[in-house]
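Engineer: Can you read through this structure? Questions will come right after.
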Amino acid sequence: MYIDIDHIRQFSNTCLTQLDMPENEASIITEALLEADLREIHSHGFLRLPIYVERIQKELIRNQAKITESNENDVLAVLDGHYSAGQVVAYQAMQKSIEKAEQSGIGVVAVKNSNHFGISAYYSLMAAQQDKIGIVISNVSPLMPAVGGAEKVIGNNPLSIAAPTGETDPMVLDMALSNTSFGKVLFAKEKGQEVPEGWGVDEKGRSTTDPDQIINGGFLSPVGGPKGFGLAVMAEVLTGVLSGGHFSKMIPSMYDVSQKQSISHFMLTIDIKQLISLELYYESMKQLVSYIKESKKAEGANQIYLPGEIEFLKEKRNKEQGIPMEEKTFNKINEMAKALKISPLEA
Ligand SMILES: NC(=O)c1ccc[n+]([C@@H]2O[C@H](COP(=O)([O-])OP(=O)(O)OC[C@H]3O[C@@H](n4cnc5c(N)ncnc54)[C@H](O)[C@@H]3O)[C@@H](O)[C@H]2O)c1
């Protein structure tokens, strides 16, 4: 089924404002979830609205943001999100990182006591839309064991790097540091599907294609084995450790509705024009894009894509037809709407 964009936008904002969230904050969350579904990263789209609502109702996420700053200078700042909504905190942190980059060439903002912020590209693209390069990292509750370990100790921490290309869409790498995101495993479970080999292991570390075995007691596997594990550990350093916030086993799952989460983020923006001229940058990007796009294709391959290109193509298509939604997600969202006593979502 497909959902009309304006309809779901209004629906999501109504759900959140019903919980006494200010309209501007509700709108940031809604737009970030919408962007995920438009890009067909459904694992981080409106599928997450019911758990956000439940966490807000249980006062695990603030319904009205409180964000304070410390250790601020022309280049750096630490933000404390005081358990405000992740999207609202991350949006403000990225804006600050962009402002500092505009002023000083580079802007680094470390964030503590935030919440799940959805897709990391939403924030890195804010920089790319302003002739800047954006780097965004978040930690999450541990989902992966150490190499040789059999206990969840490190998150599949998402990482995004967005760089403007000039004439075409920005290049945007947006990835979990696991072979796949936990949300995609949840999404496969929602659809009653198996997951591909290599996405995760069961509680004894045995390879499995059953999403239930990964979710209940099992683990996600890092992308690229020890290298992905190493990147995930360093992401934890840049987020939780560097912000003075929580990391690794300190962070409970967002589906544990008895505890606050305390997620940390790291935002870095580079103002390109303060390193090289924008003219040279865009000329070089054009050249890089053409080297990649025009490179010889592997046998059987029809197309070569840049990082983020597939998601931009999906976004363009879905802006025309509405966002695709699984029936299970639709039903879960409408159970929530009923409990909130608001008009249901319509397909
Ligand atoms: N907030 C959180 O706690 C959290 C945690 C994990 C993941 N996430 C989000 O989950 C999302 C999904 O992550 P993922 O790792 O499953 O993404 P993915 O594996 O679908 O894609 C990863 C990257 O590979 C690129 N890519 C994919 N196929 C390609 C191809 N054929 N050619 C060139 N590039 C290609 C994509 O454009 C993307 O940049 C991301 O948006 C991430 O930010 C969020």
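Note on naming: chains are A, B, ... as they come in the structure tokens, residues start from 1 per chain, ligands start from 1 in the order shown.
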Kindly work out which residues sit at most 7 Å from ligand 1, using only C-alpha atoms and all ligand atoms, and give the list as a ChimeraX atom specification.

Structural biologist: /A:41,43-44,116-121,138-140,156-160,172-184,304-311

Engineer: How would the residues just picked look written out with N, CA and C atoms as a CSV table (one decimal), in the first residue's frame?

Structural biologist:
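And here's again_22.csv as it stands now:
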```csv
chain,number,residue,atom,x,y,z
A,41,ILE,N,14.3,3.5,3.4
A,41,ILE,CA,15.0,3.0,4.6
A,41,ILE,C,13.8,2.8,5.6
A,43,SER,N,13.1,0.8,7.8
A,43,SER,CA,13.5,0.4,9.1
A,43,SER,C,13.6,1.6,10.0
A,44,HIS,N,13.8,2.8,9.5
A,44,HIS,CA,14.0,4.0,10.3
A,44,HIS,C,12.9,5.0,9.9
A,116,HIS,N,17.5,8.0,20.0
A,116,HIS,CA,17.6,7.5,18.6
A,116,HIS,C,17.2,8.6,17.6
A,117,PHE,N,18.1,8.8,16.6
A,117,PHE,CA,17.8,10.0,15.7
A,117,PHE,C,17.4,9.5,14.3
A,118,GLY,N,17.2,8.2,14.1
A,118,GLY,CA,16.7,7.8,12.8
A,118,GLY,C,17.9,7.6,11.8
A,119,ILE,N,17.8,8.1,10.6
A,119,ILE,CA,18.8,7.9,9.6
A,119,ILE,C,19.9,9.0,9.7
A,120,SER,N,21.1,8.7,9.7
A,120,SER,CA,22.2,9.7,9.8
A,120,SER,C,22.3,10.6,8.6
A,121,ALA,N,21.9,10.1,7.4
A,121,ALA,CA,22.0,11.0,6.3
A,121,ALA,C,21.1,12.2,6.4
A,138,SER,N,26.5,8.2,15.2
A,138,SER,CA,25.8,8.1,16.5
A,138,SER,C,26.2,6.8,17.1
A,139,ASN,N,26.1,6.7,18.4
A,139,ASN,CA,26.1,5.3,19.0
A,139,ASN,C,24.7,4.8,19.2
A,140,VAL,N,24.6,3.6,19.5
A,140,VAL,CA,23.3,2.9,19.8
A,140,VAL,C,23.5,1.9,20.9
A,156,ASN,N,25.9,-1.0,16.4
A,156,ASN,CA,26.2,-1.1,14.9
A,156,ASN,C,26.2,0.4,14.5
A,157,ASN,N,26.8,1.2,15.2
A,157,ASN,CA,26.8,2.7,15.1
A,157,ASN,C,26.7,3.2,13.7
A,158,PRO,N,25.7,4.0,13.4
A,158,PRO,CA,25.5,4.5,12.0
A,158,PRO,C,26.5,5.6,11.7
A,159,LEU,N,26.9,5.7,10.5
A,159,LEU,CA,27.9,6.7,10.0
A,159,LEU,C,27.4,7.2,8.7
A,160,SER,N,27.4,8.5,8.6
A,160,SER,CA,27.1,9.1,7.3
A,160,SER,C,28.1,10.2,6.9
A,172,VAL,N,26.2,10.6,-0.8
A,172,VAL,CA,26.0,10.4,0.6
A,172,VAL,C,26.1,8.9,1.0
A,173,LEU,N,27.2,8.6,1.8
A,173,LEU,CA,27.3,7.3,2.3
A,173,LEU,C,26.5,7.3,3.6
A,174,ASP,N,25.7,6.4,3.8
A,174,ASP,CA,24.8,6.3,5.0
A,174,ASP,C,24.7,4.9,5.4
A,175,MET,N,25.4,4.5,6.5
A,175,MET,CA,25.4,3.1,6.7
A,175,MET,C,25.5,2.7,8.2
A,176,ALA,N,25.1,1.6,8.6
A,176,ALA,CA,25.3,1.0,9.9
A,176,ALA,C,26.7,0.3,9.8
A,177,LEU,N,27.3,0.2,10.9
A,177,LEU,CA,28.6,-0.5,10.9
A,177,LEU,C,28.4,-2.0,11.2
A,178,SER,N,27.2,-2.5,11.1
A,178,SER,CA,26.9,-3.9,11.0
A,178,SER,C,26.7,-4.2,9.6
A,179,ASN,N,26.7,-5.5,9.2
A,179,ASN,CA,26.4,-5.9,7.8
A,179,ASN,C,25.1,-5.3,7.4
A,180,THR,N,24.2,-5.1,8.3
A,180,THR,CA,22.9,-4.5,8.0
A,180,THR,C,22.4,-3.8,9.3
A,181,SER,N,21.4,-3.0,9.2
A,181,SER,CA,20.9,-2.3,10.5
A,181,SER,C,19.9,-3.2,11.2
A,182,PHE,N,19.9,-3.0,12.5
A,182,PHE,CA,18.9,-3.8,13.3
A,182,PHE,C,17.5,-3.6,12.8
A,183,GLY,N,17.2,-2.4,12.4
A,183,GLY,CA,15.9,-2.0,11.9
A,183,GLY,C,15.5,-2.9,10.7
A,184,LYS,N,16.5,-3.2,9.9
A,184,LYS,CA,16.2,-4.0,8.7
A,184,LYS,C,15.8,-5.5,9.1
A,304,ILE,N,26.2,1.4,-12.6
A,304,ILE,CA,27.1,1.7,-11.5
A,304,ILE,C,26.5,2.9,-10.7
A,305,TYR,N,26.3,2.7,-9.4
A,305,TYR,CA,25.7,3.8,-8.6
A,305,TYR,C,26.8,4.4,-7.7
A,306,LEU,N,26.5,5.7,-7.4
A,306,LEU,CA,27.4,6.4,-6.4
A,306,LEU,C,26.8,6.2,-5.0
A,307,PRO,N,27.5,6.4,-4.0
A,307,PRO,CA,26.9,6.3,-2.6
A,307,PRO,C,25.7,7.2,-2.5
A,308,GLY,N,24.6,6.6,-2.1
A,308,GLY,CA,23.4,7.4,-1.9
A,308,GLY,C,22.5,7.5,-3.1
A,309,GLU,N,23.0,7.2,-4.3
A,309,GLU,CA,22.3,7.4,-5.5
A,309,GLU,C,21.0,6.6,-5.6
A,310,ILE,N,21.1,5.3,-5.1
A,310,ILE,CA,19.9,4.4,-5.2
A,310,ILE,C,18.8,5.0,-4.3
A,311,GLU,N,19.2,5.6,-3.2
A,311,GLU,CA,18.2,6.2,-2.3
A,311,GLU,C,17.5,7.4,-2.9
```

Engineer: Taking only range 36-196 of chain A into account, list the residues labelled helix (DSSP H, G or I) by DSSP (computed from the backbone), as JSON, numbers by chain.

Structural biologist: {"A": [36, 37, 38, 42, 43, 44, 46, 47, 48, 49, 50, 51, 52, 53, 54, 55, 56, 57, 86, 87, 88, 89, 90, 91, 92, 93, 94, 95, 96, 97, 98, 99, 100, 101, 102, 103, 104, 121, 122, 123, 124, 125, 126, 127, 128, 182, 183, 184, 185, 186, 187, 188, 189, 190, 191]}

Engineer: For each of A:Gln18, A:Tyr122, A:Gln213, A:Pro145, take the minimum atom-to-atom distance to Ala36 in chain A, counting only C-alpha atoms, then give the residue where this is smallest.

Structural biologist: A:Tyr122

Engineer: Give me the residues within 6 Å of range 87-97 of chain A as a PyMOL selection string, counting only C-alpha atoms and dropping any in the same chain fewer than 5 places off.

Structural biologist: chain A and resi 29+81+107-109+117+269

Engineer: Those same residues, written as a PDB file, in the first residue's frame with all heavy atoms?

Structural biologist:
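See again-v5.pdb below for the written result:
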```
ATOM      1  N   ILE A  29      10.853  15.711  13.757  1.00  0.00           N
ATOM      2  CA  ILE A  29      10.787  14.237  13.850  1.00  0.00           C
ATOM      3  C   ILE A  29      10.057  13.678  12.625  1.00  0.00           C
ATOM      4  O   ILE A  29      10.522  12.745  11.965  1.00  0.00           O
ATOM      5  CB  ILE A  29      10.073  13.800  15.152  1.00  0.00           C
ATOM      6  CG1 ILE A  29      10.864  14.292  16.369  1.00  0.00           C
ATOM      7  CG2 ILE A  29       9.902  12.279  15.190  1.00  0.00           C
ATOM      8  CD1 ILE A  29      10.184  14.056  17.706  1.00  0.00           C
ATOM      9  N   GLY A  81      21.521  16.797  25.510  1.00  0.00           N
ATOM     10  CA  GLY A  81      20.131  16.735  25.042  1.00  0.00           C
ATOM     11  C   GLY A  81      19.124  16.474  26.146  1.00  0.00           C
ATOM     12  O   GLY A  81      17.917  16.532  25.882  1.00  0.00           O
ATOM     13  N   GLY A 107      33.436  22.711  11.998  1.00  0.00           N
ATOM     14  CA  GLY A 107      32.592  22.773  13.191  1.00  0.00           C
ATOM     15  C   GLY A 107      32.393  21.370  13.732  1.00  0.00           C
ATOM     16  O   GLY A 107      31.988  20.472  12.998  1.00  0.00           O
ATOM     17  N   VAL A 108      32.716  21.185  14.996  1.00  0.00           N
ATOM     18  CA  VAL A 108      32.590  19.860  15.619  1.00  0.00           C
ATOM     19  C   VAL A 108      31.649  19.972  16.812  1.00  0.00           C
ATOM     20  O   VAL A 108      31.875  20.788  17.706  1.00  0.00           O
ATOM     21  CB  VAL A 108      33.968  19.329  16.097  1.00  0.00           C
ATOM     22  CG1 VAL A 108      33.810  17.983  16.792  1.00  0.00           C
ATOM     23  CG2 VAL A 108      34.938  19.210  14.925  1.00  0.00           C
ATOM     24  N   VAL A 109      30.599  19.172  16.804  1.00  0.00           N
ATOM     25  CA  VAL A 109      29.666  19.191  17.934  1.00  0.00           C
ATOM     26  C   VAL A 109      29.505  17.761  18.462  1.00  0.00           C
ATOM     27  O   VAL A 109      29.153  16.841  17.726  1.00  0.00           O
ATOM     28  CB  VAL A 109      28.298  19.782  17.522  1.00  0.00           C
ATOM     29  CG1 VAL A 109      27.316  19.736  18.685  1.00  0.00           C
ATOM     30  CG2 VAL A 109      28.472  21.228  17.039  1.00  0.00           C
ATOM     31  N   PHE A 117      18.088   8.838  16.639  1.00  0.00           N
ATOM     32  CA  PHE A 117      17.838   9.965  15.724  1.00  0.00           C
ATOM     33  C   PHE A 117      17.390   9.544  14.331  1.00  0.00           C
ATOM     34  O   PHE A 117      17.243  10.372  13.443  1.00  0.00           O
ATOM     35  CB  PHE A 117      19.018  10.935  15.699  1.00  0.00           C
ATOM     36  CG  PHE A 117      20.296  10.477  15.006  1.00  0.00           C
ATOM     37  CD1 PHE A 117      20.365   9.327  14.249  1.00  0.00           C
ATOM     38  CD2 PHE A 117      21.437  11.272  15.098  1.00  0.00           C
ATOM     39  CE1 PHE A 117      21.529   8.947  13.588  1.00  0.00           C
ATOM     40  CE2 PHE A 117      22.618  10.906  14.447  1.00  0.00           C
ATOM     41  CZ  PHE A 117      22.655   9.739  13.693  1.00  0.00           C
ATOM     42  N   THR A 269      31.367  19.320  10.438  1.00  0.00           N
ATOM     43  CA  THR A 269      31.121  19.974   9.146  1.00  0.00           C
ATOM     44  C   THR A 269      32.391  20.664   8.670  1.00  0.00           C
ATOM     45  O   THR A 269      33.092  21.305   9.460  1.00  0.00           O
ATOM     46  CB  THR A 269      29.982  21.021   9.275  1.00  0.00           C
ATOM     47  OG1 THR A 269      28.823  20.372   9.778  1.00  0.00           O
ATOM     48  CG2 THR A 269      29.658  21.663   7.934  1.00  0.00           C
TER      49      THR A 269
END
```

Engineer: So that I can check the secondary structure, give me every residue of range 157-237 of chain A assigned strand (DSSP E) by backbone DSSP, as a count of residues only.

Structural biologist: 14

Engineer: Of the candidates A:Lys249, A:Arg317, A:His265, A:Arg206, which one gets nearest to Ala235 in chain A if we count only C-alpha atoms?

Structural biologist: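 Checking each candidate against Ala235 in chain A, we get A:His265 as the closest.
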
Engineer: When distances are computed from only C-alpha atoms, which of A:Leu34, A:Ala26, A:Met325, A:Ala85 shows the smallest separation from Phe187 in chain A?

Structural biologist: A:Met325

Engineer: Tell me which of A:Pro196, A:Thr14, A:Gly230, A:Lys152 sits closest to Asn216 in chain A, counting only C-alpha atoms.

Structural biologist: A:Lys152

Engineer: Which polymer residues have any atom within 12 Å of an atom of Glu151 in chain A, counting only C-alpha atoms, with same-chain residues fewer than 2 positions away left out, as a list in words?

Structural biologist: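 Non-adjacent residues within range: Pro142, Leu143, Met144, Pro145, Ala146, Val147, Gly148, Gly149, Val153, Ile154, Gly155, Val201, Asp202, Glu203, Lys204, Gly205, Gly217, Gly218, Phe219, Leu220, Ser221, Ser248 and Lys249 of chain A.
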
Engineer: Which value, in Å to one decimal, gives the distance between CA of Asp4 in chain A and CA of Phe312 in chain A?

Structural biologist: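 That distance, rounded to one decimal, is 18.5 Å.
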
Engineer: When distances are computed from only C-alpha atoms, which of A:Asp131, A:Glu31, A:Glu72, A:Glu236 shows the smallest separation from Phe11 in chain A?

Structural biologist: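 Nearest to Phe11 in chain A: A:Glu31.
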